[in-house]
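So this one's coords_9.cif, mmCIF, N, CA and C atoms:
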```cif
data_final
#
loop_
_atom_site.group_PDB
_atom_site.id
_atom_site.type_symbol
_atom_site.label_atom_id
_atom_site.label_comp_id
_atom_site.auth_asym_id
_atom_site.auth_seq_id
_atom_site.Cartn_x
_atom_site.Cartn_y
_atom_site.Cartn_z
ATOM 1 N N PHE A 1 -77.182 -26.787 -102.659
ATOM 2 C CA PHE A 1 -76.125 -26.076 -103.366
ATOM 3 C C PHE A 1 -75.133 -27.037 -104.020
ATOM 4 N N ALA A 2 -74.665 -28.006 -103.251
ATOM 5 C CA ALA A 2 -73.634 -28.914 -103.751
ATOM 6 C C ALA A 2 -74.118 -29.686 -104.979
ATOM 7 N N LYS A 3 -75.327 -30.167 -104.934
ATOM 8 C CA LYS A 3 -75.876 -30.948 -106.047
ATOM 9 C C LYS A 3 -75.904 -30.122 -107.341
ATOM 10 N N ASN A 4 -76.369 -28.875 -107.227
ATOM 11 C CA ASN A 4 -76.408 -27.982 -108.395
ATOM 12 C C ASN A 4 -75.008 -27.632 -108.886
ATOM 13 N N ALA A 5 -74.095 -27.357 -107.949
ATOM 14 C CA ALA A 5 -72.726 -27.003 -108.312
ATOM 15 C C ALA A 5 -72.051 -28.158 -109.050
ATOM 16 N N ILE A 6 -72.243 -29.372 -108.558
ATOM 17 C CA ILE A 6 -71.635 -30.546 -109.184
ATOM 18 C C ILE A 6 -72.169 -30.731 -110.603
ATOM 19 N N GLU A 7 -73.459 -30.571 -110.771
ATOM 20 C CA GLU A 7 -74.055 -30.701 -112.110
ATOM 21 C C GLU A 7 -73.566 -29.600 -113.046
ATOM 22 N N ASP A 8 -73.483 -28.365 -112.548
ATOM 23 C CA ASP A 8 -72.967 -27.255 -113.362
ATOM 24 C C ASP A 8 -71.522 -27.499 -113.786
ATOM 25 N N ILE A 9 -70.711 -27.987 -112.859
ATOM 26 C CA ILE A 9 -69.303 -28.281 -113.172
ATOM 27 C C ILE A 9 -69.235 -29.368 -114.233
ATOM 28 N N ARG A 10 -70.017 -30.414 -114.064
ATOM 29 C CA ARG A 10 -70.027 -31.534 -115.016
ATOM 30 C C ARG A 10 -70.391 -31.048 -116.421
ATOM 31 N N LYS A 11 -71.409 -30.182 -116.512
ATOM 32 C CA LYS A 11 -71.829 -29.652 -117.814
ATOM 33 C C LYS A 11 -70.756 -28.755 -118.422
ATOM 34 N N THR A 12 -70.136 -27.927 -117.595
ATOM 35 C CA THR A 12 -69.129 -26.982 -118.079
ATOM 36 C C THR A 12 -67.859 -27.691 -118.538
ATOM 37 N N VAL A 13 -67.394 -28.632 -117.762
ATOM 38 C CA VAL A 13 -66.120 -29.294 -118.044
ATOM 39 C C VAL A 13 -66.261 -30.362 -119.124
ATOM 40 N N GLY A 14 -67.359 -31.077 -119.110
ATOM 41 C CA GLY A 14 -67.521 -32.167 -120.071
ATOM 42 C C GLY A 14 -66.482 -33.247 -119.845
ATOM 43 N N ASP A 15 -65.780 -33.633 -120.907
ATOM 44 C CA ASP A 15 -64.766 -34.683 -120.775
ATOM 45 C C ASP A 15 -63.343 -34.122 -120.736
ATOM 46 N N LYS A 16 -63.234 -32.805 -120.517
ATOM 47 C CA LYS A 16 -61.914 -32.172 -120.449
ATOM 48 C C LYS A 16 -61.251 -32.459 -119.097
ATOM 49 N N LYS A 17 -59.985 -32.153 -119.001
ATOM 50 C CA LYS A 17 -59.224 -32.314 -117.756
ATOM 51 C C LYS A 17 -59.114 -30.964 -117.051
ATOM 52 N N VAL A 18 -58.993 -30.999 -115.719
ATOM 53 C CA VAL A 18 -58.914 -29.782 -114.912
ATOM 54 C C VAL A 18 -57.718 -29.892 -113.969
ATOM 55 N N ILE A 19 -56.976 -28.790 -113.854
ATOM 56 C CA ILE A 19 -55.902 -28.679 -112.870
ATOM 57 C C ILE A 19 -56.335 -27.625 -111.857
ATOM 58 N N LEU A 20 -56.240 -27.972 -110.573
ATOM 59 C CA LEU A 20 -56.650 -27.058 -109.508
ATOM 60 C C LEU A 20 -55.483 -26.828 -108.560
ATOM 61 N N GLY A 21 -55.165 -25.555 -108.303
ATOM 62 C CA GLY A 21 -54.164 -25.216 -107.296
ATOM 63 C C GLY A 21 -54.792 -25.337 -105.920
ATOM 64 N N LEU A 22 -54.283 -26.253 -105.126
ATOM 65 C CA LEU A 22 -54.834 -26.539 -103.809
ATOM 66 C C LEU A 22 -53.980 -25.860 -102.749
ATOM 67 N N SER A 23 -54.578 -24.936 -101.994
ATOM 68 C CA SER A 23 -53.825 -24.222 -100.966
ATOM 69 C C SER A 23 -53.870 -24.943 -99.635
ATOM 70 N N GLY A 24 -54.835 -25.818 -99.472
ATOM 71 C CA GLY A 24 -55.018 -26.495 -98.191
ATOM 72 C C GLY A 24 -56.057 -25.815 -97.329
ATOM 73 N N GLY A 25 -56.504 -24.661 -97.746
ATOM 74 C CA GLY A 25 -57.540 -23.942 -97.013
ATOM 75 C C GLY A 25 -58.925 -24.493 -97.340
ATOM 76 N N VAL A 26 -59.908 -23.969 -96.657
ATOM 77 C CA VAL A 26 -61.273 -24.450 -96.828
ATOM 78 C C VAL A 26 -61.779 -24.211 -98.242
ATOM 79 N N ASP A 27 -61.566 -23.026 -98.792
ATOM 80 C CA ASP A 27 -62.110 -22.692 -100.114
ATOM 81 C C ASP A 27 -61.607 -23.639 -101.199
ATOM 82 N N SER A 28 -60.290 -23.808 -101.284
ATOM 83 C CA SER A 28 -59.761 -24.652 -102.361
ATOM 84 C C SER A 28 -60.061 -26.130 -102.097
ATOM 85 N N SER A 29 -60.147 -26.531 -100.838
ATOM 86 C CA SER A 29 -60.479 -27.922 -100.521
ATOM 87 C C SER A 29 -61.919 -28.248 -100.899
ATOM 88 N N VAL A 30 -62.840 -27.328 -100.618
ATOM 89 C CA VAL A 30 -64.244 -27.534 -101.007
ATOM 90 C C VAL A 30 -64.365 -27.521 -102.525
ATOM 91 N N ALA A 31 -63.671 -26.607 -103.184
ATOM 92 C CA ALA A 31 -63.692 -26.572 -104.651
ATOM 93 C C ALA A 31 -63.183 -27.888 -105.214
ATOM 94 N N ALA A 32 -62.091 -28.399 -104.656
ATOM 95 C CA ALA A 32 -61.531 -29.667 -105.120
ATOM 96 C C ALA A 32 -62.529 -30.805 -104.936
ATOM 97 N N LEU A 33 -63.172 -30.840 -103.795
ATOM 98 C CA LEU A 33 -64.137 -31.904 -103.529
ATOM 99 C C LEU A 33 -65.319 -31.849 -104.494
ATOM 100 N N LEU A 34 -65.871 -30.660 -104.723
ATOM 101 C CA LEU A 34 -67.000 -30.517 -105.649
ATOM 102 C C LEU A 34 -66.609 -30.893 -107.077
ATOM 103 N N ILE A 35 -65.449 -30.411 -107.502
ATOM 104 C CA ILE A 35 -64.992 -30.730 -108.857
ATOM 105 C C ILE A 35 -64.731 -32.222 -108.997
ATOM 106 N N HIS A 36 -64.114 -32.812 -107.964
ATOM 107 C CA HIS A 36 -63.842 -34.257 -107.995
ATOM 108 C C HIS A 36 -65.135 -35.062 -108.083
ATOM 109 N N LYS A 37 -66.142 -34.654 -107.326
ATOM 110 C CA LYS A 37 -67.430 -35.359 -107.383
ATOM 111 C C LYS A 37 -68.061 -35.226 -108.768
ATOM 112 N N ALA A 38 -67.795 -34.115 -109.430
ATOM 113 C CA ALA A 38 -68.374 -33.887 -110.756
ATOM 114 C C ALA A 38 -67.645 -34.639 -111.857
ATOM 115 N N ILE A 39 -66.302 -34.648 -111.816
ATOM 116 C CA ILE A 39 -65.557 -35.188 -112.960
ATOM 117 C C ILE A 39 -64.562 -36.284 -112.597
ATOM 118 N N GLY A 40 -64.466 -36.628 -111.330
ATOM 119 C CA GLY A 40 -63.616 -37.741 -110.900
ATOM 120 C C GLY A 40 -62.162 -37.579 -111.274
ATOM 121 N N ARG A 41 -61.621 -38.592 -111.925
ATOM 122 C CA ARG A 41 -60.187 -38.641 -112.247
ATOM 123 C C ARG A 41 -59.760 -37.658 -113.331
ATOM 124 N N HIS A 42 -60.657 -36.871 -113.835
ATOM 125 C CA HIS A 42 -60.272 -35.822 -114.791
ATOM 126 C C HIS A 42 -59.717 -34.605 -114.059
ATOM 127 N N LEU A 43 -59.727 -34.647 -112.719
ATOM 128 C CA LEU A 43 -59.191 -33.556 -111.897
ATOM 129 C C LEU A 43 -57.820 -33.930 -111.364
ATOM 130 N N THR A 44 -56.877 -33.011 -111.504
ATOM 131 C CA THR A 44 -55.567 -33.139 -110.870
ATOM 132 C C THR A 44 -55.367 -31.911 -109.994
ATOM 133 N N CYS A 45 -55.106 -32.149 -108.709
ATOM 134 C CA CYS A 45 -54.840 -31.050 -107.771
ATOM 135 C C CYS A 45 -53.338 -30.944 -107.552
ATOM 136 N N ILE A 46 -52.867 -29.724 -107.408
ATOM 137 C CA ILE A 46 -51.451 -29.481 -107.141
ATOM 138 C C ILE A 46 -51.336 -28.615 -105.899
ATOM 139 N N TYR A 47 -50.586 -29.125 -104.914
ATOM 140 C CA TYR A 47 -50.302 -28.369 -103.699
ATOM 141 C C TYR A 47 -48.809 -28.059 -103.704
ATOM 142 N N VAL A 48 -48.466 -26.785 -103.627
ATOM 143 C CA VAL A 48 -47.064 -26.373 -103.622
ATOM 144 C C VAL A 48 -46.684 -25.930 -102.211
ATOM 145 N N ASP A 49 -45.747 -26.665 -101.614
ATOM 146 C CA ASP A 49 -45.215 -26.282 -100.303
ATOM 147 C C ASP A 49 -44.104 -25.271 -100.557
ATOM 148 N N ASN A 50 -44.395 -24.006 -100.268
ATOM 149 C CA ASN A 50 -43.438 -22.936 -100.533
ATOM 150 C C ASN A 50 -42.484 -22.696 -99.367
ATOM 151 N N GLY A 51 -42.624 -23.488 -98.312
ATOM 152 C CA GLY A 51 -41.741 -23.361 -97.163
ATOM 153 C C GLY A 51 -42.173 -22.309 -96.161
ATOM 154 N N LEU A 52 -43.295 -21.653 -96.403
ATOM 155 C CA LEU A 52 -43.750 -20.579 -95.527
ATOM 156 C C LEU A 52 -44.955 -20.970 -94.678
ATOM 157 N N MET A 53 -45.309 -22.240 -94.690
ATOM 158 C CA MET A 53 -46.434 -22.716 -93.885
ATOM 159 C C MET A 53 -45.980 -22.874 -92.429
ATOM 160 N N ARG A 54 -46.963 -23.001 -91.526
ATOM 161 C CA ARG A 54 -46.620 -23.265 -90.130
ATOM 162 C C ARG A 54 -45.932 -24.619 -90.025
ATOM 163 N N LYS A 55 -45.198 -24.812 -88.948
ATOM 164 C CA LYS A 55 -44.444 -26.046 -88.748
ATOM 165 C C LYS A 55 -45.370 -27.263 -88.866
ATOM 166 N N ASN A 56 -44.972 -28.231 -89.673
ATOM 167 C CA ASN A 56 -45.677 -29.499 -89.913
ATOM 168 C C ASN A 56 -47.017 -29.350 -90.625
ATOM 169 N N GLU A 57 -47.402 -28.138 -91.013
ATOM 170 C CA GLU A 57 -48.701 -27.943 -91.650
ATOM 171 C C GLU A 57 -48.793 -28.666 -92.997
ATOM 172 N N SER A 58 -47.771 -28.584 -93.803
ATOM 173 C CA SER A 58 -47.798 -29.261 -95.104
ATOM 174 C C SER A 58 -47.850 -30.776 -94.933
ATOM 175 N N GLU A 59 -47.081 -31.311 -93.996
ATOM 176 C CA GLU A 59 -47.091 -32.757 -93.760
ATOM 177 C C GLU A 59 -48.458 -33.219 -93.269
ATOM 178 N N ASN A 60 -49.053 -32.456 -92.346
ATOM 179 C CA ASN A 60 -50.377 -32.804 -91.827
ATOM 180 C C ASN A 60 -51.429 -32.723 -92.926
ATOM 181 N N LEU A 61 -51.324 -31.700 -93.747
ATOM 182 C CA LEU A 61 -52.262 -31.529 -94.856
ATOM 183 C C LEU A 61 -52.147 -32.698 -95.838
ATOM 184 N N LYS A 62 -50.927 -33.042 -96.190
ATOM 185 C CA LYS A 62 -50.716 -34.158 -97.119
ATOM 186 C C LYS A 62 -51.303 -35.445 -96.558
ATOM 187 N N ASP A 63 -51.042 -35.718 -95.297
ATOM 188 C CA ASP A 63 -51.572 -36.921 -94.652
ATOM 189 C C ASP A 63 -53.098 -36.921 -94.664
ATOM 190 N N SER A 64 -53.688 -35.793 -94.301
ATOM 191 C CA SER A 64 -55.145 -35.692 -94.227
ATOM 192 C C SER A 64 -55.794 -35.831 -95.596
ATOM 193 N N LEU A 65 -55.268 -35.137 -96.586
ATOM 194 C CA LEU A 65 -55.856 -35.170 -97.923
ATOM 195 C C LEU A 65 -55.745 -36.541 -98.569
ATOM 196 N N THR A 66 -54.602 -37.172 -98.436
ATOM 197 C CA THR A 66 -54.418 -38.469 -99.093
ATOM 198 C C THR A 66 -55.173 -39.573 -98.367
ATOM 199 N N ARG A 67 -55.359 -39.438 -97.071
ATOM 200 C CA ARG A 67 -56.063 -40.467 -96.310
ATOM 201 C C ARG A 67 -57.574 -40.394 -96.521
ATOM 202 N N HIS A 68 -58.120 -39.182 -96.637
ATOM 203 C CA HIS A 68 -59.566 -39.009 -96.661
ATOM 204 C C HIS A 68 -60.164 -38.767 -98.042
ATOM 205 N N LEU A 69 -59.361 -38.378 -98.990
ATOM 206 C CA LEU A 69 -59.891 -38.047 -100.313
ATOM 207 C C LEU A 69 -59.223 -38.916 -101.371
ATOM 208 N N ASP A 70 -60.008 -39.534 -102.191
ATOM 209 C CA ASP A 70 -59.487 -40.379 -103.258
ATOM 210 C C ASP A 70 -59.319 -39.537 -104.521
ATOM 211 N N MET A 71 -58.341 -38.609 -104.458
ATOM 212 C CA MET A 71 -58.095 -37.696 -105.575
ATOM 213 C C MET A 71 -56.658 -37.815 -106.035
ATOM 214 N N ASP A 72 -56.431 -37.363 -107.258
ATOM 215 C CA ASP A 72 -55.074 -37.255 -107.782
ATOM 216 C C ASP A 72 -54.512 -35.923 -107.289
ATOM 217 N N ILE A 73 -53.705 -35.982 -106.232
ATOM 218 C CA ILE A 73 -53.120 -34.770 -105.655
ATOM 219 C C ILE A 73 -51.605 -34.878 -105.766
ATOM 220 N N ARG A 74 -51.007 -33.896 -106.409
ATOM 221 C CA ARG A 74 -49.544 -33.851 -106.547
ATOM 222 C C ARG A 74 -49.013 -32.860 -105.519
ATOM 223 N N PHE A 75 -48.012 -33.272 -104.776
ATOM 224 C CA PHE A 75 -47.396 -32.412 -103.767
ATOM 225 C C PHE A 75 -46.021 -31.999 -104.281
ATOM 226 N N VAL A 76 -45.798 -30.688 -104.342
ATOM 227 C CA VAL A 76 -44.540 -30.146 -104.855
ATOM 228 C C VAL A 76 -43.820 -29.436 -103.715
ATOM 229 N N ASP A 77 -42.583 -29.855 -103.454
ATOM 230 C CA ASP A 77 -41.777 -29.210 -102.414
ATOM 231 C C ASP A 77 -40.949 -28.120 -103.076
ATOM 232 N N ALA A 78 -41.380 -26.875 -102.884
ATOM 233 C CA ALA A 78 -40.676 -25.743 -103.480
ATOM 234 C C ALA A 78 -40.062 -24.845 -102.410
ATOM 235 N N ALA A 79 -39.880 -25.398 -101.210
ATOM 236 C CA ALA A 79 -39.302 -24.621 -100.116
ATOM 237 C C ALA A 79 -37.848 -24.285 -100.429
ATOM 238 N N LEU A 80 -37.480 -23.068 -100.114
ATOM 239 C CA LEU A 80 -36.112 -22.611 -100.398
ATOM 240 C C LEU A 80 -35.194 -22.734 -99.190
ATOM 241 N N GLY A 81 -35.763 -23.092 -98.038
ATOM 242 C CA GLY A 81 -34.940 -23.256 -96.838
ATOM 243 C C GLY A 81 -34.255 -21.960 -96.450
ATOM 244 N N GLU A 82 -32.961 -22.040 -96.194
ATOM 245 C CA GLU A 82 -32.208 -20.892 -95.730
ATOM 246 C C GLU A 82 -32.030 -19.832 -96.814
ATOM 247 N N GLN A 83 -32.260 -20.172 -98.047
ATOM 248 C CA GLN A 83 -32.093 -19.228 -99.150
ATOM 249 C C GLN A 83 -33.125 -18.098 -99.097
ATOM 250 N N VAL A 84 -34.242 -18.318 -98.387
ATOM 251 C CA VAL A 84 -35.306 -17.298 -98.343
ATOM 252 C C VAL A 84 -34.756 -15.988 -97.809
ATOM 253 N N GLY A 85 -34.023 -16.023 -96.721
ATOM 254 C CA GLY A 85 -33.467 -14.799 -96.145
ATOM 255 C C GLY A 85 -32.549 -14.086 -97.115
ATOM 256 N N THR A 86 -31.762 -14.837 -97.839
ATOM 257 C CA THR A 86 -30.852 -14.269 -98.813
ATOM 258 C C THR A 86 -31.616 -13.600 -99.944
ATOM 259 N N ILE A 87 -32.650 -14.257 -100.421
ATOM 260 C CA ILE A 87 -33.430 -13.707 -101.527
ATOM 261 C C ILE A 87 -34.168 -12.442 -101.103
ATOM 262 N N ILE A 88 -34.760 -12.475 -99.915
ATOM 263 C CA ILE A 88 -35.529 -11.324 -99.445
ATOM 264 C C ILE A 88 -34.636 -10.134 -99.148
ATOM 265 N N THR A 89 -33.498 -10.360 -98.510
ATOM 266 C CA THR A 89 -32.634 -9.253 -98.114
ATOM 267 C C THR A 89 -31.603 -8.895 -99.179
ATOM 268 N N GLY A 90 -31.268 -9.849 -100.030
ATOM 269 C CA GLY A 90 -30.182 -9.625 -100.982
ATOM 270 C C GLY A 90 -30.693 -9.304 -102.313
#
```

Go through the file and emit its structure as structure tokens.
Amino acid sequence: FAKNAIEDIRKTVGDKKVILGLSGGVDSSVAALLIHKAIGRHLTCIYVDNGLMRKNESENLKDSLTRHLDMDIRFVDAALGEQVGTIITG
């Protein structure tokens, strides 16, 4: 499966660039890996920490992804902190 998927991605994308929203879950991580194997540095992944993850989950994810995968991954801190309660209730 992986070999065919990588070849299909390579044919579809060609020399274009791809942006992938990375959630940190299995589905988006596997998609990122397959796309990266197909097009290499033409892939940019973006992970947005919205502040609603489990404690230390974003930090652990960032450490794991950057240590094990040689990809261009941008980490965006979009957590609202204490403002979340105000926005939801107000």

Could you expand the PyMOL selection byres ((chain A and resi 44-60) around 8) into the explicit residues it covers here, written as a compact mmCIF listing (two decimals) with N, CA and C atoms, in the coordinates of the input?
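Here's the written file out-v8.txt:
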```txt
# COMPACT_ATOMS: atom_id res chain seq x y z
N LYS A 17 -59.98 -32.15 -119.00
CA LYS A 17 -59.22 -32.31 -117.76
C LYS A 17 -59.11 -30.96 -117.05
N VAL A 18 -58.99 -31.00 -115.72
CA VAL A 18 -58.91 -29.78 -114.91
C VAL A 18 -57.72 -29.89 -113.97
N ILE A 19 -56.98 -28.79 -113.85
CA ILE A 19 -55.90 -28.68 -112.87
C ILE A 19 -56.34 -27.62 -111.86
N LEU A 20 -56.24 -27.97 -110.57
CA LEU A 20 -56.65 -27.06 -109.51
C LEU A 20 -55.48 -26.83 -108.56
N GLY A 21 -55.16 -25.56 -108.30
CA GLY A 21 -54.16 -25.22 -107.30
C GLY A 21 -54.79 -25.34 -105.92
N LEU A 22 -54.28 -26.25 -105.13
CA LEU A 22 -54.83 -26.54 -103.81
C LEU A 22 -53.98 -25.86 -102.75
N SER A 23 -54.58 -24.94 -101.99
CA SER A 23 -53.82 -24.22 -100.97
C SER A 23 -53.87 -24.94 -99.64
N GLY A 24 -54.84 -25.82 -99.47
CA GLY A 24 -55.02 -26.50 -98.19
C GLY A 24 -56.06 -25.82 -97.33
N ALA A 32 -62.09 -28.40 -104.66
CA ALA A 32 -61.53 -29.67 -105.12
C ALA A 32 -62.53 -30.80 -104.94
N HIS A 36 -64.11 -32.81 -107.96
CA HIS A 36 -63.84 -34.26 -108.00
C HIS A 36 -65.14 -35.06 -108.08
N GLY A 40 -64.47 -36.63 -111.33
CA GLY A 40 -63.62 -37.74 -110.90
C GLY A 40 -62.16 -37.58 -111.27
N ARG A 41 -61.62 -38.59 -111.92
CA ARG A 41 -60.19 -38.64 -112.25
C ARG A 41 -59.76 -37.66 -113.33
N HIS A 42 -60.66 -36.87 -113.84
CA HIS A 42 -60.27 -35.82 -114.79
C HIS A 42 -59.72 -34.60 -114.06
N LEU A 43 -59.73 -34.65 -112.72
CA LEU A 43 -59.19 -33.56 -111.90
C LEU A 43 -57.82 -33.93 -111.36
N LEU A 61 -51.32 -31.70 -93.75
CA LEU A 61 -52.26 -31.53 -94.86
C LEU A 61 -52.15 -32.70 -95.84
N LYS A 62 -50.93 -33.04 -96.19
CA LYS A 62 -50.72 -34.16 -97.12
C LYS A 62 -51.30 -35.44 -96.56
N ASP A 63 -51.04 -35.72 -95.30
CA ASP A 63 -51.57 -36.92 -94.65
C ASP A 63 -53.10 -36.92 -94.66
N SER A 64 -53.69 -35.79 -94.30
CA SER A 64 -55.14 -35.69 -94.23
C SER A 64 -55.79 -35.83 -95.60
N LEU A 65 -55.27 -35.14 -96.59
CA LEU A 65 -55.86 -35.17 -97.92
C LEU A 65 -55.74 -36.54 -98.57
N THR A 66 -54.60 -37.17 -98.44
CA THR A 66 -54.42 -38.47 -99.09
C THR A 66 -55.17 -39.57 -98.37
N MET A 71 -58.34 -38.61 -104.46
CA MET A 71 -58.10 -37.70 -105.58
C MET A 71 -56.66 -37.82 -106.04
N ASP A 72 -56.43 -37.36 -107.26
CA ASP A 72 -55.07 -37.26 -107.78
C ASP A 72 -54.51 -35.92 -107.29
N ILE A 73 -53.70 -35.98 -106.23
CA ILE A 73 -53.12 -34.77 -105.66
C ILE A 73 -51.60 -34.88 -105.77
N ARG A 74 -51.01 -33.90 -106.41
CA ARG A 74 -49.54 -33.85 -106.55
C ARG A 74 -49.01 -32.86 -105.52
N PHE A 75 -48.01 -33.27 -104.78
CA PHE A 75 -47.40 -32.41 -103.77
C PHE A 75 -46.02 -32.00 -104.28
N VAL A 76 -45.80 -30.69 -104.34
CA VAL A 76 -44.54 -30.15 -104.86
C VAL A 76 -43.82 -29.44 -103.72
N ASP A 77 -42.58 -29.86 -103.45
CA ASP A 77 -41.78 -29.21 -102.41
C ASP A 77 -40.95 -28.12 -103.08
N ALA A 78 -41.38 -26.88 -102.88
CA ALA A 78 -40.68 -25.74 -103.48
C ALA A 78 -40.06 -24.84 -102.41
N ALA A 79 -39.88 -25.40 -101.21
CA ALA A 79 -39.30 -24.62 -100.12
C ALA A 79 -37.85 -24.28 -100.43
N LEU A 80 -37.48 -23.07 -100.11
CA LEU A 80 -36.11 -22.61 -100.40
C LEU A 80 -35.19 -22.73 -99.19
N GLY A 81 -35.76 -23.09 -98.04
CA GLY A 81 -34.94 -23.26 -96.84
C GLY A 81 -34.26 -21.96 -96.45
```

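The interatomic distance for the pair atom C of Lys37 of chain A and atom CA of Ile6 of chain A works out to 5.9 Å.
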
Residue list (helix (DSSP H, G or I), DSSP) for chain A, as a compact mmCIF listing (two decimals) with N, CA and C atoms, keeping the file's coordinate frame:
```txt
# COMPACT_ATOMS: atom_id res chain seq x y z
N ALA A 2 -74.67 -28.01 -103.25
CA ALA A 2 -73.63 -28.91 -103.75
C ALA A 2 -74.12 -29.69 -104.98
N LYS A 3 -75.33 -30.17 -104.93
CA LYS A 3 -75.88 -30.95 -106.05
C LYS A 3 -75.90 -30.12 -107.34
N ASN A 4 -76.37 -28.88 -107.23
CA ASN A 4 -76.41 -27.98 -108.40
C ASN A 4 -75.01 -27.63 -108.89
N ALA A 5 -74.10 -27.36 -107.95
CA ALA A 5 -72.73 -27.00 -108.31
C ALA A 5 -72.05 -28.16 -109.05
N ILE A 6 -72.24 -29.37 -108.56
CA ILE A 6 -71.64 -30.55 -109.18
C ILE A 6 -72.17 -30.73 -110.60
N GLU A 7 -73.46 -30.57 -110.77
CA GLU A 7 -74.06 -30.70 -112.11
C GLU A 7 -73.57 -29.60 -113.05
N ASP A 8 -73.48 -28.36 -112.55
CA ASP A 8 -72.97 -27.26 -113.36
C ASP A 8 -71.52 -27.50 -113.79
N ILE A 9 -70.71 -27.99 -112.86
CA ILE A 9 -69.30 -28.28 -113.17
C ILE A 9 -69.24 -29.37 -114.23
N ARG A 10 -70.02 -30.41 -114.06
CA ARG A 10 -70.03 -31.53 -115.02
C ARG A 10 -70.39 -31.05 -116.42
N LYS A 11 -71.41 -30.18 -116.51
CA LYS A 11 -71.83 -29.65 -117.81
C LYS A 11 -70.76 -28.76 -118.42
N THR A 12 -70.14 -27.93 -117.60
CA THR A 12 -69.13 -26.98 -118.08
C THR A 12 -67.86 -27.69 -118.54
N VAL A 13 -67.39 -28.63 -117.76
CA VAL A 13 -66.12 -29.29 -118.04
C VAL A 13 -66.26 -30.36 -119.12
N VAL A 26 -59.91 -23.97 -96.66
CA VAL A 26 -61.27 -24.45 -96.83
C VAL A 26 -61.78 -24.21 -98.24
N ASP A 27 -61.57 -23.03 -98.79
CA ASP A 27 -62.11 -22.69 -100.11
C ASP A 27 -61.61 -23.64 -101.20
N SER A 28 -60.29 -23.81 -101.28
CA SER A 28 -59.76 -24.65 -102.36
C SER A 28 -60.06 -26.13 -102.10
N SER A 29 -60.15 -26.53 -100.84
CA SER A 29 -60.48 -27.92 -100.52
C SER A 29 -61.92 -28.25 -100.90
N VAL A 30 -62.84 -27.33 -100.62
CA VAL A 30 -64.24 -27.53 -101.01
C VAL A 30 -64.36 -27.52 -102.52
N ALA A 31 -63.67 -26.61 -103.18
CA ALA A 31 -63.69 -26.57 -104.65
C ALA A 31 -63.18 -27.89 -105.21
N ALA A 32 -62.09 -28.40 -104.66
CA ALA A 32 -61.53 -29.67 -105.12
C ALA A 32 -62.53 -30.80 -104.94
N LEU A 33 -63.17 -30.84 -103.80
CA LEU A 33 -64.14 -31.90 -103.53
C LEU A 33 -65.32 -31.85 -104.49
N LEU A 34 -65.87 -30.66 -104.72
CA LEU A 34 -67.00 -30.52 -105.65
C LEU A 34 -66.61 -30.89 -107.08
N ILE A 35 -65.45 -30.41 -107.50
CA ILE A 35 -64.99 -30.73 -108.86
C ILE A 35 -64.73 -32.22 -109.00
N HIS A 36 -64.11 -32.81 -107.96
CA HIS A 36 -63.84 -34.26 -108.00
C HIS A 36 -65.14 -35.06 -108.08
N LYS A 37 -66.14 -34.65 -107.33
CA LYS A 37 -67.43 -35.36 -107.38
C LYS A 37 -68.06 -35.23 -108.77
N ALA A 38 -67.80 -34.12 -109.43
CA ALA A 38 -68.37 -33.89 -110.76
C ALA A 38 -67.64 -34.64 -111.86
N ILE A 39 -66.30 -34.65 -111.82
CA ILE A 39 -65.56 -35.19 -112.96
C ILE A 39 -64.56 -36.28 -112.60
N GLY A 40 -64.47 -36.63 -111.33
CA GLY A 40 -63.62 -37.74 -110.90
C GLY A 40 -62.16 -37.58 -111.27
N ARG A 41 -61.62 -38.59 -111.92
CA ARG A 41 -60.19 -38.64 -112.25
C ARG A 41 -59.76 -37.66 -113.33
N HIS A 42 -60.66 -36.87 -113.84
CA HIS A 42 -60.27 -35.82 -114.79
C HIS A 42 -59.72 -34.60 -114.06
N GLU A 57 -47.40 -28.14 -91.01
CA GLU A 57 -48.70 -27.94 -91.65
C GLU A 57 -48.79 -28.67 -93.00
N SER A 58 -47.77 -28.58 -93.80
CA SER A 58 -47.80 -29.26 -95.10
C SER A 58 -47.85 -30.78 -94.93
N GLU A 59 -47.08 -31.31 -94.00
CA GLU A 59 -47.09 -32.76 -93.76
C GLU A 59 -48.46 -33.22 -93.27
N ASN A 60 -49.05 -32.46 -92.35
CA ASN A 60 -50.38 -32.80 -91.83
C ASN A 60 -51.43 -32.72 -92.93
N LEU A 61 -51.32 -31.70 -93.75
CA LEU A 61 -52.26 -31.53 -94.86
C LEU A 61 -52.15 -32.70 -95.84
N LYS A 62 -50.93 -33.04 -96.19
CA LYS A 62 -50.72 -34.16 -97.12
C LYS A 62 -51.30 -35.44 -96.56
N ASP A 63 -51.04 -35.72 -95.30
CA ASP A 63 -51.57 -36.92 -94.65
C ASP A 63 -53.10 -36.92 -94.66
N SER A 64 -53.69 -35.79 -94.30
CA SER A 64 -55.14 -35.69 -94.23
C SER A 64 -55.79 -35.83 -95.60
N LEU A 65 -55.27 -35.14 -96.59
CA LEU A 65 -55.86 -35.17 -97.92
C LEU A 65 -55.74 -36.54 -98.57
N THR A 66 -54.60 -37.17 -98.44
CA THR A 66 -54.42 -38.47 -99.09
C THR A 66 -55.17 -39.57 -98.37
N ARG A 67 -55.36 -39.44 -97.07
CA ARG A 67 -56.06 -40.47 -96.31
C ARG A 67 -57.57 -40.39 -96.52
N HIS A 68 -58.12 -39.18 -96.64
CA HIS A 68 -59.57 -39.01 -96.66
C HIS A 68 -60.16 -38.77 -98.04
N GLN A 83 -32.26 -20.17 -98.05
CA GLN A 83 -32.09 -19.23 -99.15
C GLN A 83 -33.12 -18.10 -99.10
N VAL A 84 -34.24 -18.32 -98.39
CA VAL A 84 -35.31 -17.30 -98.34
C VAL A 84 -34.76 -15.99 -97.81
N GLY A 85 -34.02 -16.02 -96.72
CA GLY A 85 -33.47 -14.80 -96.14
C GLY A 85 -32.55 -14.09 -97.12
N THR A 86 -31.76 -14.84 -97.84
CA THR A 86 -30.85 -14.27 -98.81
C THR A 86 -31.62 -13.60 -99.94
N ILE A 87 -32.65 -14.26 -100.42
CA ILE A 87 -33.43 -13.71 -101.53
C ILE A 87 -34.17 -12.44 -101.10
N ILE A 88 -34.76 -12.48 -99.92
CA ILE A 88 -35.53 -11.32 -99.44
C ILE A 88 -34.64 -10.13 -99.15
N THR A 89 -33.50 -10.36 -98.51
CA THR A 89 -32.63 -9.25 -98.11
C THR A 89 -31.60 -8.90 -99.18
```
